[in-house]
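Visitor: My structure file input-v3.cif, mmCIF, N, CA and C atoms, is below:
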data_coords
#
loop_
_atom_site.group_PDB
_atom_site.id
_atom_site.type_symbol
_atom_site.label_atom_id
_atom_site.label_comp_id
_atom_site.auth_asym_id
_atom_site.auth_seq_id
_atom_site.Cartn_x
_atom_site.Cartn_y
_atom_site.Cartn_z
ATOM 1 N N MET D 221 80.539 139.930 84.091
ATOM 2 C CA MET D 221 81.051 139.242 85.231
ATOM 3 C C MET D 221 80.310 137.910 85.368
ATOM 4 N N LYS D 222 81.055 136.853 85.669
ATOM 5 C CA LYS D 222 80.470 135.548 85.908
ATOM 6 C C LYS D 222 80.440 135.296 87.408
ATOM 7 N N VAL D 223 79.355 134.728 87.869
ATOM 8 C CA VAL D 223 79.184 134.432 89.286
ATOM 9 C C VAL D 223 78.813 132.969 89.422
ATOM 10 N N ALA D 224 79.432 132.289 90.358
ATOM 11 C CA ALA D 224 79.082 130.898 90.666
ATOM 12 C C ALA D 224 78.555 130.841 92.089
ATOM 13 N N TRP D 225 77.424 130.199 92.249
ATOM 14 C CA TRP D 225 76.830 130.035 93.573
ATOM 15 C C TRP D 225 76.976 128.572 93.954
ATOM 16 N N ILE D 226 77.618 128.307 95.075
ATOM 17 C CA ILE D 226 77.821 126.944 95.535
ATOM 18 C C ILE D 226 77.063 126.780 96.839
ATOM 19 N N ASP D 227 76.035 125.952 96.814
ATOM 20 C CA ASP D 227 75.232 125.690 98.006
ATOM 21 C C ASP D 227 75.765 124.426 98.667
ATOM 22 N N CYS D 228 76.519 124.601 99.729
ATOM 23 C CA CYS D 228 77.126 123.466 100.429
ATOM 24 C C CYS D 228 76.381 123.141 101.720
ATOM 25 N N SER D 229 75.087 123.371 101.739
ATOM 26 C CA SER D 229 74.311 123.120 102.953
ATOM 27 C C SER D 229 74.359 121.647 103.366
ATOM 28 N N ALA D 230 74.564 120.753 102.403
ATOM 29 C CA ALA D 230 74.678 119.335 102.718
ATOM 30 C C ALA D 230 76.134 118.889 102.754
ATOM 31 N N GLY D 231 77.060 119.831 102.566
ATOM 32 C CA GLY D 231 78.486 119.514 102.600
ATOM 33 C C GLY D 231 79.024 119.195 101.222
ATOM 34 N N ALA D 232 80.308 119.342 101.081
ATOM 35 C CA ALA D 232 80.990 119.008 99.830
ATOM 36 C C ALA D 232 82.445 118.701 100.155
ATOM 37 N N SER D 233 82.936 117.591 99.657
ATOM 38 C CA SER D 233 84.337 117.252 99.885
ATOM 39 C C SER D 233 85.206 117.998 98.874
ATOM 40 N N GLY D 234 86.485 118.075 99.159
ATOM 41 C CA GLY D 234 87.405 118.798 98.286
ATOM 42 C C GLY D 234 87.466 118.237 96.887
ATOM 43 N N ASP D 235 87.520 116.906 96.751
ATOM 44 C CA ASP D 235 87.604 116.324 95.411
ATOM 45 C C ASP D 235 86.305 116.529 94.645
ATOM 46 N N MET D 236 85.176 116.500 95.350
ATOM 47 C CA MET D 236 83.899 116.752 94.680
ATOM 48 C C MET D 236 83.819 118.185 94.184
ATOM 49 N N LEU D 237 84.217 119.117 95.028
ATOM 50 C CA LEU D 237 84.150 120.528 94.658
ATOM 51 C C LEU D 237 85.130 120.844 93.528
ATOM 52 N N LEU D 238 86.355 120.327 93.627
ATOM 53 C CA LEU D 238 87.338 120.566 92.573
ATOM 54 C C LEU D 238 86.875 119.958 91.255
ATOM 55 N N GLY D 239 86.344 118.745 91.296
ATOM 56 C CA GLY D 239 85.826 118.115 90.081
ATOM 57 C C GLY D 239 84.702 118.921 89.456
ATOM 58 N N ALA D 240 83.805 119.454 90.290
ATOM 59 C CA ALA D 240 82.697 120.264 89.789
ATOM 60 C C ALA D 240 83.204 121.559 89.155
ATOM 61 N N LEU D 241 84.183 122.194 89.797
ATOM 62 C CA LEU D 241 84.732 123.437 89.246
ATOM 63 C C LEU D 241 85.449 123.184 87.917
ATOM 64 N N LEU D 242 86.187 122.079 87.827
ATOM 65 C CA LEU D 242 86.858 121.733 86.574
ATOM 66 C C LEU D 242 85.833 121.391 85.494
ATOM 67 N N ASP D 243 84.776 120.685 85.876
ATOM 68 C CA ASP D 243 83.724 120.339 84.925
ATOM 69 C C ASP D 243 82.990 121.582 84.439
ATOM 70 N N ALA D 244 82.956 122.608 85.278
ATOM 71 C CA ALA D 244 82.295 123.862 84.910
ATOM 72 C C ALA D 244 83.179 124.755 84.050
ATOM 73 N N GLY D 245 84.447 124.364 83.854
ATOM 74 C CA GLY D 245 85.292 125.133 82.945
ATOM 75 C C GLY D 245 86.613 125.616 83.490
ATOM 76 N N ALA D 246 86.925 125.331 84.756
ATOM 77 C CA ALA D 246 88.240 125.718 85.284
ATOM 78 C C ALA D 246 89.327 125.001 84.475
ATOM 79 N N ASP D 247 90.461 125.641 84.320
ATOM 80 C CA ASP D 247 91.561 125.125 83.513
ATOM 81 C C ASP D 247 92.420 124.164 84.331
ATOM 82 N N LEU D 248 92.445 122.874 83.933
ATOM 83 C CA LEU D 248 93.213 121.860 84.650
ATOM 84 C C LEU D 248 94.704 122.188 84.652
ATOM 85 N N ALA D 249 95.225 122.725 83.559
ATOM 86 C CA ALA D 249 96.648 123.084 83.491
ATOM 87 C C ALA D 249 96.970 124.171 84.524
ATOM 88 N N TYR D 250 96.084 125.135 84.681
ATOM 89 C CA TYR D 250 96.271 126.200 85.671
ATOM 90 C C TYR D 250 96.235 125.628 87.089
ATOM 91 N N VAL D 251 95.288 124.730 87.353
ATOM 92 C CA VAL D 251 95.195 124.086 88.675
ATOM 93 C C VAL D 251 96.466 123.303 88.959
ATOM 94 N N ASN D 252 96.948 122.527 87.994
ATOM 95 C CA ASN D 252 98.163 121.731 88.206
ATOM 96 C C ASN D 252 99.386 122.620 88.387
ATOM 97 N N ALA D 253 99.447 123.756 87.705
ATOM 98 C CA ALA D 253 100.572 124.679 87.891
ATOM 99 C C ALA D 253 100.559 125.243 89.313
ATOM 100 N N ALA D 254 99.374 125.573 89.819
ATOM 101 C CA ALA D 254 99.258 126.097 91.187
ATOM 102 C C ALA D 254 99.618 125.026 92.212
ATOM 103 N N VAL D 255 99.168 123.798 91.992
ATOM 104 C CA VAL D 255 99.478 122.691 92.909
ATOM 105 C C VAL D 255 100.975 122.405 92.900
ATOM 106 N N ALA D 256 101.592 122.384 91.725
ATOM 107 C CA ALA D 256 103.029 122.112 91.611
ATOM 108 C C ALA D 256 103.859 123.216 92.253
ATOM 109 N N ALA D 257 103.344 124.436 92.281
ATOM 110 C CA ALA D 257 104.067 125.533 92.933
ATOM 111 C C ALA D 257 104.146 125.308 94.437
ATOM 112 N N VAL D 258 103.167 124.627 94.996
ATOM 113 C CA VAL D 258 103.160 124.325 96.431
ATOM 114 C C VAL D 258 103.989 123.076 96.717
ATOM 115 N N ASP D 259 103.783 122.015 95.910
ATOM 116 C CA ASP D 259 104.510 120.750 96.091
ATOM 117 C C ASP D 259 104.656 120.091 94.728
ATOM 118 N N PRO D 260 105.862 120.069 94.164
ATOM 119 C CA PRO D 260 106.059 119.529 92.810
ATOM 120 C C PRO D 260 105.760 118.040 92.672
ATOM 121 N N THR D 261 105.625 117.309 93.770
ATOM 122 C CA THR D 261 105.311 115.876 93.673
ATOM 123 C C THR D 261 103.822 115.624 93.480
ATOM 124 N N LEU D 262 102.988 116.670 93.627
ATOM 125 C CA LEU D 262 101.535 116.512 93.525
ATOM 126 C C LEU D 262 101.016 116.935 92.162
ATOM 127 N N SER D 263 99.968 116.269 91.728
ATOM 128 C CA SER D 263 99.261 116.655 90.513
ATOM 129 C C SER D 263 97.799 116.252 90.660
ATOM 130 N N VAL D 264 96.961 116.816 89.831
ATOM 131 C CA VAL D 264 95.533 116.500 89.829
ATOM 132 C C VAL D 264 95.202 115.878 88.483
ATOM 133 N N GLN D 265 94.565 114.725 88.518
ATOM 134 C CA GLN D 265 94.096 114.057 87.312
ATOM 135 C C GLN D 265 92.578 114.001 87.374
ATOM 136 N N VAL D 266 91.929 114.003 86.239
ATOM 137 C CA VAL D 266 90.469 113.945 86.206
ATOM 138 C C VAL D 266 89.997 112.796 85.332
ATOM 139 N N SER D 267 88.817 112.282 85.663
ATOM 140 C CA SER D 267 88.195 111.236 84.864
ATOM 141 C C SER D 267 86.686 111.370 84.980
ATOM 142 N N GLN D 268 85.983 110.924 83.946
ATOM 143 C CA GLN D 268 84.523 110.928 83.975
ATOM 144 C C GLN D 268 84.058 109.778 84.858
ATOM 145 N N THR D 269 83.001 109.995 85.605
ATOM 146 C CA THR D 269 82.423 108.949 86.440
ATOM 147 C C THR D 269 80.918 109.155 86.492
ATOM 148 N N ALA D 270 80.222 108.173 86.983
ATOM 149 C CA ALA D 270 78.777 108.279 87.198
ATOM 150 C C ALA D 270 78.431 107.540 88.480
ATOM 151 N N ARG D 271 77.630 108.165 89.306
ATOM 152 C CA ARG D 271 77.154 107.558 90.551
ATOM 153 C C ARG D 271 75.640 107.731 90.585
ATOM 154 N N HIS D 272 74.917 106.626 90.657
ATOM 155 C CA HIS D 272 73.461 106.664 90.751
ATOM 156 C C HIS D 272 72.846 107.503 89.634
ATOM 157 N N GLN D 273 73.288 107.256 88.410
ATOM 158 C CA GLN D 273 72.777 107.915 87.212
ATOM 159 C C GLN D 273 73.132 109.400 87.108
ATOM 160 N N ILE D 274 74.100 109.868 87.913
ATOM 161 C CA ILE D 274 74.535 111.261 87.840
ATOM 162 C C ILE D 274 75.979 111.279 87.342
ATOM 163 N N ALA D 275 76.218 111.922 86.205
ATOM 164 C CA ALA D 275 77.558 112.008 85.629
ATOM 165 C C ALA D 275 78.328 113.148 86.297
ATOM 166 N N ALA D 276 79.631 112.947 86.459
ATOM 167 C CA ALA D 276 80.468 113.967 87.093
ATOM 168 C C ALA D 276 81.902 113.807 86.634
ATOM 169 N N LEU D 277 82.693 114.810 86.891
ATOM 170 C CA LEU D 277 84.126 114.759 86.654
ATOM 171 C C LEU D 277 84.783 114.508 88.001
ATOM 172 N N LYS D 278 85.555 113.448 88.124
ATOM 173 C CA LYS D 278 86.215 113.077 89.380
ATOM 174 C C LYS D 278 87.640 113.598 89.372
ATOM 175 N N ALA D 279 87.994 114.350 90.387
ATOM 176 C CA ALA D 279 89.362 114.847 90.546
ATOM 177 C C ALA D 279 90.102 113.918 91.501
ATOM 178 N N THR D 280 91.299 113.509 91.119
ATOM 179 C CA THR D 280 92.122 112.637 91.945
ATOM 180 C C THR D 280 93.485 113.289 92.131
ATOM 181 N N VAL D 281 93.907 113.416 93.383
ATOM 182 C CA VAL D 281 95.238 113.951 93.671
ATOM 183 C C VAL D 281 96.227 112.810 93.589
ATOM 184 N N GLU D 282 97.327 113.032 92.863
ATOM 185 C CA GLU D 282 98.371 112.016 92.729
ATOM 186 C C GLU D 282 99.669 112.535 93.321
ATOM 187 N N VAL D 283 100.400 111.624 93.963
ATOM 188 C CA VAL D 283 101.716 111.923 94.509
ATOM 189 C C VAL D 283 102.716 111.116 93.684
ATOM 190 N N ASN D 284 103.585 111.810 92.954
ATOM 191 C CA ASN D 284 104.540 111.163 92.050
ATOM 192 C C ASN D 284 103.856 110.181 91.110
ATOM 193 N N GLY D 285 102.687 110.541 90.605
ATOM 194 C CA GLY D 285 101.975 109.706 89.638
ATOM 195 C C GLY D 285 101.144 108.591 90.225
ATOM 196 N N THR D 286 101.096 108.461 91.547
ATOM 197 C CA THR D 286 100.310 107.427 92.209
ATOM 198 C C THR D 286 99.163 108.090 92.964
ATOM 199 N N PRO D 287 97.924 107.600 92.816
ATOM 200 C CA PRO D 287 96.809 108.214 93.531
ATOM 201 C C PRO D 287 97.043 108.262 95.036
ATOM 202 N N HIS D 288 96.733 109.394 95.624
ATOM 203 C CA HIS D 288 96.862 109.574 97.073
ATOM 204 C C HIS D 288 95.877 108.627 97.757
ATOM 205 N N PRO D 289 96.267 107.966 98.866
ATOM 206 C CA PRO D 289 95.382 106.993 99.522
ATOM 207 C C PRO D 289 94.003 107.541 99.892
ATOM 208 N N GLU D 290 93.888 108.825 100.186
ATOM 209 C CA GLU D 290 92.586 109.377 100.562
ATOM 210 C C GLU D 290 91.638 109.497 99.375
ATOM 211 N N THR D 291 92.127 109.343 98.144
ATOM 212 C CA THR D 291 91.260 109.449 96.980
ATOM 213 C C THR D 291 90.942 108.087 96.373
ATOM 214 N N VAL D 292 91.435 107.013 96.991
ATOM 215 C CA VAL D 292 91.187 105.669 96.479
ATOM 216 C C VAL D 292 90.178 104.980 97.400
ATOM 217 N N PRO D 293 89.027 104.553 96.869
ATOM 218 C CA PRO D 293 88.022 103.907 97.718
ATOM 219 C C PRO D 293 88.597 102.704 98.462
ATOM 220 N N GLY D 294 88.336 102.651 99.763
ATOM 221 C CA GLY D 294 88.761 101.514 100.564
ATOM 222 C C GLY D 294 90.169 101.600 101.104
ATOM 223 N N GLU D 295 90.991 102.497 100.603
ATOM 224 C CA GLU D 295 92.356 102.642 101.108
ATOM 225 C C GLU D 295 92.329 103.410 102.419
ATOM 226 N N VAL D 296 93.273 103.123 103.285
ATOM 227 C CA VAL D 296 93.360 103.816 104.565
ATOM 228 C C VAL D 296 94.527 104.778 104.510
ATOM 229 N N SER D 297 94.270 106.016 104.876
ATOM 230 C CA SER D 297 95.309 107.030 104.851
ATOM 231 C C SER D 297 96.016 107.094 106.189
ATOM 232 N N ALA D 298 96.978 108.004 106.293
ATOM 233 C CA ALA D 298 97.690 108.210 107.545
ATOM 234 C C ALA D 298 96.747 108.710 108.636
ATOM 235 N N HIS D 299 95.608 109.275 108.231
ATOM 236 C CA HIS D 299 94.637 109.785 109.183
ATOM 237 C C HIS D 299 93.659 108.706 109.619
ATOM 238 N N GLY D 300 93.786 107.501 109.022
ATOM 239 C CA GLY D 300 92.873 106.420 109.358
ATOM 240 C C GLY D 300 91.529 106.536 108.674
ATOM 241 N N VAL D 301 91.436 107.388 107.682
ATOM 242 C CA VAL D 301 90.186 107.584 106.968
ATOM 243 C C VAL D 301 90.357 107.057 105.560
ATOM 244 N N GLY D 302 89.426 106.293 105.113
ATOM 245 C CA GLY D 302 89.527 105.759 103.750
ATOM 246 C C GLY D 302 88.545 106.442 102.839
ATOM 247 N N GLY D 303 88.822 106.351 101.620
ATOM 248 C CA GLY D 303 87.803 106.534 100.673
ATOM 249 C C GLY D 303 87.594 107.769 99.901
ATOM 250 N N SER D 304 86.610 107.724 99.143
ATOM 251 C CA SER D 304 86.185 108.808 98.313
ATOM 252 C C SER D 304 84.669 108.772 98.378
ATOM 253 N N TRP D 305 84.014 109.611 97.689
ATOM 254 C CA TRP D 305 82.548 109.635 97.744
ATOM 255 C C TRP D 305 81.986 108.610 96.768
ATOM 256 N N VAL D 306 81.695 107.460 97.244
ATOM 257 C CA VAL D 306 81.154 106.393 96.394
ATOM 258 C C VAL D 306 79.676 106.300 96.586
#
Take the structure I supplied and represent it as structure tokens, if you would.

Guide:
Amino acid sequence: MKVAWIDCSAGASGDMLLGALLDAGADLAYVNAAVAAVDPTLSVQVSQTARHQIAALKATVEVNGTPHPETVPGEVSAHGVGGSWV
């Protein structure tokens, strides 16, 4: 049995957590199949990134192939909140 311990005492955003899980070995095709079952216009894309000398896998939610405003730094969403973890 494999066990993953996630210590979120300092918080974790959804894209950070999803990127970490995918980087740890979760299947992107399986995630996209589950997302498409809920809303076929959505998909998850990943890219390598580095922030302050720490490498990570960044998960970005796309709507019809365009990044969702909440995952683009500086963009304002319908909720009035911009950004990603920069």

Visitor: One number please: atom C of Pro260 of chain D to atom CA of Ala244 of chain D, in Å, one decimal.

Guide: 25.4 Å

Visitor: How many Å lie between atom CA of Met236 of chain D and atom CA of Met221 of chain D, rounded to one decimal?

Guide: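 According to the coordinates, atom CA of Met236 of chain D and atom CA of Met221 of chain D are separated by 24.6 Å.
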
Visitor: Go through D:Ala256, D:Leu262, D:Leu238, D:Ala249 and flag the residue nearest Val281 of chain D, using all atoms listed in the file for the distances.

Guide: D:Leu262

Visitor: I'd like to know which residues of segment 230-282 of chain D are strand (DSSP E) (by DSSP, run on the backbone); could you write them as number ranges by chain?

Guide: D: 262-271, 274-282

Visitor: Expand the PyMOL selection byres (((chain D and resi 264 and name CA) around 10) and name CA) into the explicit residue set it covers here, and present it as an MDAnalysis selection string.

Guide: chainID D and resid 235 238:239 248:249 251:253 255:256 262:263 265:266 278:283 285 287

Visitor: Which residue is closest to Ala240 of chain D? Choose from D:Thr261, D:His272, D:Asp227, D:Leu277 and count only N, CA and C atoms.

Guide: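 Looking only at the distances to Ala240 of chain D, the closest residue turns out to be D:Leu277.
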
Visitor: Would you compute the distance between atom N of Leu241 of chain D and atom CA of Val223 of chain D? Give it in Å to one decimal.

Guide: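 Computing it gives 13.2 Å between the two atoms.
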